[in-house]
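Q: Can you keep this structure in mind? I'll have questions shortly.
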Amino acid sequence: MTNVSLQSSDYRRRQSLSPANCFLEKAMADEEDELPETELSYDQKKEIAKWFLLNAPAGEINYVAKDLKAVLSDEEVYNEAAMEAFPVYNKSHMICLEMPSRAGDVIVSSYSEITENEYLDPRTAQVAVVDHVKQICTKVRPANDEELPSLYIEEYRYALDAEIQRYVSESYPKGMCAVNCVKGKDTEGPGSDFELVVIITAMRLSPQNFCNGSWRSVWNIDFQDESQVLDIKGKLQVGAHYFEEGNVELDAKKDFQDSTIFQSADDCAIAIANIIRHHETEYLASLEVAYSKLPDNTFKDLRRKLPVTRTLFPWQNTLQFSLTREVEKELGLGK
């Protein structure tokens with residue numbers, strides 16, 4: 001069953017001028033009854049600021065940061081909150097940064113993290129130094145031998161990376177991917193277990209059209225030598241924020257588990273890529289079905305049976321409302 005979280009606090013019809021205004025309005029309204037009227041301490045201000053930054057929708061943290069800085073009027077509190085929040089946000093959203101001199105791109109994630117500001121790009125065997133708050137890559141250096149997998153592991157990593165790149169290029173416009181070794185990278189040959197992680201991240205940011213969205217998927221592949229089985233676990237997360245004449249945020253998550261047999265590097269890569277393709281395609285189809293039922297199910301449940309205006313909502317003609325039109329337009333439904 002697809003887990004699509006459409007929380008009631010995410011559905012507020014409000015006038016908004018920017019994604020940050022919309023997001024901040026919603027969060028402040030949710031918390032206004034809980035905050036004490038007394039003056040907040042330094043630490044309380046910092047924790048509240050971090051909460052706003054960490055909960056910013058995909059691609060919108062800089063909008064939130066700009067407005068938050070103005071609201072705080074305290075440079076020291078903001079800077080400390082930003083220094084703590086941005087690295088966590090960047091890794092959880094798996095942002096992709098371009099390396100200097102067109103050396104390639106690096107995905108900022110906990111799976112590629114070497115130090116707090118250094119992240120490995122296994123495809124180019126380079127380490128990117130990242131400024132988290134500015135969200136830029138300041139410089140690169142060659143990876144050390146101890147930071148890279150053995151030749152035996154690299155054979156499997158390289159083959160899988162090639163198959164995943166092919167899949168992502170076909171399925172995700174502007175999508176990025178990486179394959180990292182997170183366990184057993186020093187294994188020199190058959191006889192030991194190791195683990196690879198496939199990361200797929202894609203964003204579609206269109207603030208001028210009042211909508212932003214992201215796709216994140218992480219697939220852990222445990223190569224079990226003794227049983228000659230690959231245990232595959234996947235986590236998918238889809239986020240969307242629509243804020244034209246309202247404030248709608250989607251957070252959909254799904255876990256998967258599968259397996260295949262331990263084969264040669266090329267055969268394992270093909271089998272794993274096919275499993276990932278199958279589950280992600282199936283999940284996307286289930287989301288489209290869920291979206292197509294929004295006017296008849298979800299939106300209807302969010303509204304009173306008889307509003308305070310004593311006027312029934314025209315469910316037979318929901319297409320007159322912009323949110324329904326935009327959802328159907330984006331998904332190509334009803335054609």
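Following the order of the structure tokens, chains are lettered A, B, ..., residues in each are numbered from 1, and ligands are numbered from 1.
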Need to verify the contact set: Asp193 in chain A, 9 Å, only C-alpha atoms, exclusion of same-chain residues closer than 3 positions in sequence. Can you return it as a list in words?
A: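 Surrounding residues, per the criterion: Lys183, Gly184, Thr187, Pro190, Asp222, Phe223, Gln224, Asp225 and Glu226 of chain A.
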Q: List every residue of range 89-263 of chain A that DSSP, applied to the backbone, labels as alpha helix (DSSP H), and write the result as a list in words.
A: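 Matching residues, listed in order: Tyr89, Asn90, Lys91, Ser92, Leu151, Tyr152, Ile153, Glu154, Glu155, Tyr156, Arg157, Tyr158, Ala159, Leu160, Asp161, Ala162, Glu163, Ile164, Gln165, Arg166, Tyr167, Val168, Ser169, Glu170 and Ser171 of chain A.
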Q: Fewer than 4 positions away in the same chain doesn't count, so skip those; otherwise give me all residues within 12 Å of Ser101 in chain A, counting only C-alpha atoms, as a JSON list (two decimals) with N, CA, C and O atoms, in the first residue's frame.
A:
```json
[["chain", "number", "residue", "atom", "x", "y", "z"],
["A", 105, "ASP", "N", 29.98, 16.31, -11.15],
["A", 105, "ASP", "CA", 29.03, 16.67, -10.11],
["A", 105, "ASP", "C", 29.18, 15.71, -8.95],
["A", 105, "ASP", "O", 29.52, 14.54, -9.12],
["A", 128, "ALA", "N", 35.16, 16.33, -3.17],
["A", 128, "ALA", "CA", 34.72, 17.71, -3.28],
["A", 128, "ALA", "C", 34.65, 18.34, -1.90],
["A", 128, "ALA", "O", 34.15, 17.75, -0.95],
["A", 137, "CYS", "N", 30.50, 24.00, -4.28],
["A", 137, "CYS", "CA", 31.72, 23.21, -4.13],
["A", 137, "CYS", "C", 32.90, 24.16, -4.36],
["A", 137, "CYS", "O", 33.02, 24.76, -5.43],
["A", 138, "THR", "N", 33.74, 24.32, -3.35],
["A", 138, "THR", "CA", 34.81, 25.31, -3.43],
["A", 138, "THR", "C", 36.08, 24.79, -4.10],
["A", 138, "THR", "O", 36.79, 25.55, -4.75],
["A", 139, "LYS", "N", 36.35, 23.50, -3.94],
["A", 139, "LYS", "CA", 37.53, 22.91, -4.59],
["A", 139, "LYS", "C", 37.42, 21.40, -4.59],
["A", 139, "LYS", "O", 36.56, 20.82, -3.91],
["A", 140, "VAL", "N", 38.29, 20.76, -5.35],
["A", 140, "VAL", "CA", 38.33, 19.29, -5.40],
["A", 140, "VAL", "C", 39.77, 18.83, -5.23],
["A", 140, "VAL", "O", 40.71, 19.57, -5.48],
["A", 141, "ARG", "N", 39.89, 17.58, -4.82],
["A", 141, "ARG", "CA", 41.21, 16.96, -4.71],
["A", 141, "ARG", "C", 41.07, 15.50, -5.10],
["A", 141, "ARG", "O", 39.99, 14.92, -5.00]]
```
Q: May I have the residues within 9 Å of range 273-276 of chain A as a list in words, using only C-alpha atoms and disregarding those fewer than 6 positions away in the same chain?
A: Leu160, Glu163, Ile164, Tyr167, Trp219, Ile232, Gly234, Asp258, Ser259 and Thr260 of chain A
Q: Counting only C-alpha atoms, figure out which residue out of A:Lys45, A:Lys91, A:Glu84, A:Pro173 gets nearest to Lys69 in chain A.
A: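 Of the candidates, the smallest distance to Lys69 in chain A is held by A:Lys45.
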Q: Neighbouring residues of range 58-63 of chain A were defined as those with any atom within 9 Å, considering only C-alpha atoms; residues of the same chain fewer than 4 positions away were excluded. Please report them as a list in words.
A: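 After dropping sequence-adjacent residues, the list is Ser18, Pro19, Ala20, Asn21, Phe52, Leu53, Leu54, Asp67, Leu68, Phe86, Tyr89, His93, Ile95, Val133, Lys134, Met203, Arg204, Leu205, Pro207, Asn212, Gly213, Ser214, Gly239, Ala240 and His241 of chain A.
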Q: Would you return as a VMD selection string the members of range 178-276 of chain A that DSSP assigns to strand (DSSP E or B) on this structure's backbone?
A: chain A and resid 178 to 183 194 to 206 211 to 224 229 to 242 247 to 261
Q: Could those residues be written to a file, using C-alpha atoms, as a PDB file, in the first residue's frame?
A:
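part06.pdb written:
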```
ATOM      1  CA  ALA A 178      25.870   7.609  -7.606  1.00  0.00           C
ATOM      2  CA  VAL A 179      26.956   4.201  -6.347  1.00  0.00           C
ATOM      3  CA  ASN A 180      29.005   4.125  -3.144  1.00  0.00           C
ATOM      4  CA  CYS A 181      30.569   1.281  -1.189  1.00  0.00           C
ATOM      5  CA  VAL A 182      29.575   1.591   2.477  1.00  0.00           C
ATOM      6  CA  LYS A 183      30.851  -1.740   3.834  1.00  0.00           C
ATOM      7  CA  PHE A 194      30.270  -6.083   1.100  1.00  0.00           C
ATOM      8  CA  GLU A 195      27.558  -3.478   0.587  1.00  0.00           C
ATOM      9  CA  LEU A 196      26.874  -0.937  -2.159  1.00  0.00           C
ATOM     10  CA  VAL A 197      24.392   1.936  -2.017  1.00  0.00           C
ATOM     11  CA  VAL A 198      22.632   3.365  -5.050  1.00  0.00           C
ATOM     12  CA  ILE A 199      21.537   7.012  -4.697  1.00  0.00           C
ATOM     13  CA  ILE A 200      19.097   8.609  -7.131  1.00  0.00           C
ATOM     14  CA  THR A 201      18.074  12.233  -6.736  1.00  0.00           C
ATOM     15  CA  ALA A 202      16.065  14.512  -8.995  1.00  0.00           C
ATOM     16  CA  MET A 203      14.516  17.928  -8.492  1.00  0.00           C
ATOM     17  CA  ARG A 204      12.106  20.026 -10.476  1.00  0.00           C
ATOM     18  CA  LEU A 205      12.182  23.574  -9.164  1.00  0.00           C
ATOM     19  CA  SER A 206       9.794  26.100 -10.641  1.00  0.00           C
ATOM     20  CA  CYS A 211       5.644  24.651  -7.393  1.00  0.00           C
ATOM     21  CA  ASN A 212       8.752  22.657  -6.476  1.00  0.00           C
ATOM     22  CA  GLY A 213       9.296  18.938  -6.227  1.00  0.00           C
ATOM     23  CA  SER A 214      11.922  16.298  -5.548  1.00  0.00           C
ATOM     24  CA  TRP A 215      12.504  12.554  -5.878  1.00  0.00           C
ATOM     25  CA  ARG A 216      14.967  10.737  -3.624  1.00  0.00           C
ATOM     26  CA  SER A 217      15.646   7.021  -3.600  1.00  0.00           C
ATOM     27  CA  VAL A 218      18.292   5.033  -1.741  1.00  0.00           C
ATOM     28  CA  TRP A 219      18.931   1.347  -2.463  1.00  0.00           C
ATOM     29  CA  ASN A 220      21.162  -0.710  -0.170  1.00  0.00           C
ATOM     30  CA  ILE A 221      22.531  -3.861  -1.816  1.00  0.00           C
ATOM     31  CA  ASP A 222      24.091  -6.347   0.592  1.00  0.00           C
ATOM     32  CA  PHE A 223      26.338  -8.810  -1.277  1.00  0.00           C
ATOM     33  CA  GLN A 224      26.281 -11.984   0.861  1.00  0.00           C
ATOM     34  CA  VAL A 229      22.393 -13.821  -2.436  1.00  0.00           C
ATOM     35  CA  LEU A 230      22.016 -10.067  -2.863  1.00  0.00           C
ATOM     36  CA  ASP A 231      19.639  -8.557  -0.304  1.00  0.00           C
ATOM     37  CA  ILE A 232      18.149  -5.332  -1.703  1.00  0.00           C
ATOM     38  CA  LYS A 233      16.378  -2.704   0.404  1.00  0.00           C
ATOM     39  CA  GLY A 234      15.032   0.537  -1.003  1.00  0.00           C
ATOM     40  CA  LYS A 235      13.635   3.762   0.426  1.00  0.00           C
ATOM     41  CA  LEU A 236      11.780   6.205  -1.802  1.00  0.00           C
ATOM     42  CA  GLN A 237      10.706   9.708  -0.863  1.00  0.00           C
ATOM     43  CA  VAL A 238       8.751  12.119  -3.024  1.00  0.00           C
ATOM     44  CA  GLY A 239       8.178  15.725  -1.963  1.00  0.00           C
ATOM     45  CA  ALA A 240       6.166  18.488  -3.599  1.00  0.00           C
ATOM     46  CA  HIS A 241       5.178  22.005  -2.586  1.00  0.00           C
ATOM     47  CA  TYR A 242       2.449  23.908  -4.401  1.00  0.00           C
ATOM     48  CA  ASN A 247      -0.143  26.036   0.546  1.00  0.00           C
ATOM     49  CA  VAL A 248      -0.113  22.337  -0.273  1.00  0.00           C
ATOM     50  CA  GLU A 249       2.788  20.076   0.654  1.00  0.00           C
ATOM     51  CA  LEU A 250       3.132  16.404  -0.219  1.00  0.00           C
ATOM     52  CA  ASP A 251       5.438  13.970   1.562  1.00  0.00           C
ATOM     53  CA  ALA A 252       5.174  10.432   0.189  1.00  0.00           C
ATOM     54  CA  LYS A 253       7.412   7.578   1.352  1.00  0.00           C
ATOM     55  CA  LYS A 254       7.733   3.917   0.487  1.00  0.00           C
ATOM     56  CA  ASP A 255      10.053   1.069   1.525  1.00  0.00           C
ATOM     57  CA  PHE A 256      10.911  -1.923  -0.646  1.00  0.00           C
ATOM     58  CA  GLN A 257      12.713  -5.218  -0.166  1.00  0.00           C
ATOM     59  CA  ASP A 258      13.869  -7.673  -2.819  1.00  0.00           C
ATOM     60  CA  SER A 259      16.687 -10.073  -3.620  1.00  0.00           C
ATOM     61  CA  THR A 260      18.578 -11.712  -6.452  1.00  0.00           C
ATOM     62  CA  ILE A 261      21.453 -14.157  -6.826  1.00  0.00           C
TER      63      ILE A 261
END
```
Q: Contacts of Leu151 in chain A at 10 Å or less, counting only C-alpha atoms, minus same-chain residues fewer than 4 places along, as a PDB file with N, CA, C and O atoms, in the first residue's frame?
A:
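Once everything was written out, this is out_28.pdb:
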```
ATOM      1  N   GLU A 155      35.058  -3.200  -9.425  1.00  0.00           N
ATOM      2  CA  GLU A 155      34.491  -3.878 -10.594  1.00  0.00           C
ATOM      3  C   GLU A 155      32.967  -3.956 -10.484  1.00  0.00           C
ATOM      4  O   GLU A 155      32.251  -3.688 -11.455  1.00  0.00           O
ATOM      5  N   TYR A 156      32.459  -4.290  -9.307  1.00  0.00           N
ATOM      6  CA  TYR A 156      31.014  -4.368  -9.087  1.00  0.00           C
ATOM      7  C   TYR A 156      30.392  -2.968  -9.035  1.00  0.00           C
ATOM      8  O   TYR A 156      29.310  -2.739  -9.584  1.00  0.00           O
ATOM      9  N   ARG A 157      31.078  -2.039  -8.378  1.00  0.00           N
ATOM     10  CA  ARG A 157      30.553  -0.675  -8.265  1.00  0.00           C
ATOM     11  C   ARG A 157      30.462  -0.016  -9.637  1.00  0.00           C
ATOM     12  O   ARG A 157      29.456   0.627  -9.970  1.00  0.00           O
ATOM     13  N   LYS A 185      34.792  -2.232   1.728  1.00  0.00           N
ATOM     14  CA  LYS A 185      35.439  -1.667   0.536  1.00  0.00           C
ATOM     15  C   LYS A 185      36.872  -2.166   0.337  1.00  0.00           C
ATOM     16  O   LYS A 185      37.432  -2.029  -0.753  1.00  0.00           O
ATOM     17  N   ASP A 186      37.459  -2.750   1.376  1.00  0.00           N
ATOM     18  CA  ASP A 186      38.833  -3.257   1.242  1.00  0.00           C
ATOM     19  C   ASP A 186      38.899  -4.735   0.850  1.00  0.00           C
ATOM     20  O   ASP A 186      39.977  -5.311   0.759  1.00  0.00           O
ATOM     21  N   THR A 187      37.726  -5.338   0.592  1.00  0.00           N
ATOM     22  CA  THR A 187      37.681  -6.747   0.191  1.00  0.00           C
ATOM     23  C   THR A 187      38.432  -6.947  -1.119  1.00  0.00           C
ATOM     24  O   THR A 187      38.174  -6.268  -2.110  1.00  0.00           O
ATOM     25  N   GLU A 188      39.370  -7.899  -1.117  1.00  0.00           N
ATOM     26  CA  GLU A 188      40.235  -8.093  -2.280  1.00  0.00           C
ATOM     27  C   GLU A 188      39.750  -9.173  -3.239  1.00  0.00           C
ATOM     28  O   GLU A 188      40.263  -9.311  -4.349  1.00  0.00           O
ATOM     29  N   GLY A 189      38.741  -9.961  -2.821  1.00  0.00           N
ATOM     30  CA  GLY A 189      38.256 -11.026  -3.691  1.00  0.00           C
ATOM     31  C   GLY A 189      37.104 -11.769  -3.047  1.00  0.00           C
ATOM     32  O   GLY A 189      36.652 -11.417  -1.951  1.00  0.00           O
TER      33      GLY A 189
END
```
Q: Quick check, in Å to one decimal: how far apart do CA of Tyr42 in chain A and CA of His132 in chain A lie?
A: 22.8 Å
Q: Just give me the gap between CA of Ala103 in chain A and CA of Asp121 in chain A in Å, one decimal is fine.
A: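 Atom-to-atom, CA of Ala103 in chain A to CA of Asp121 in chain A, that is 10.3 Å.
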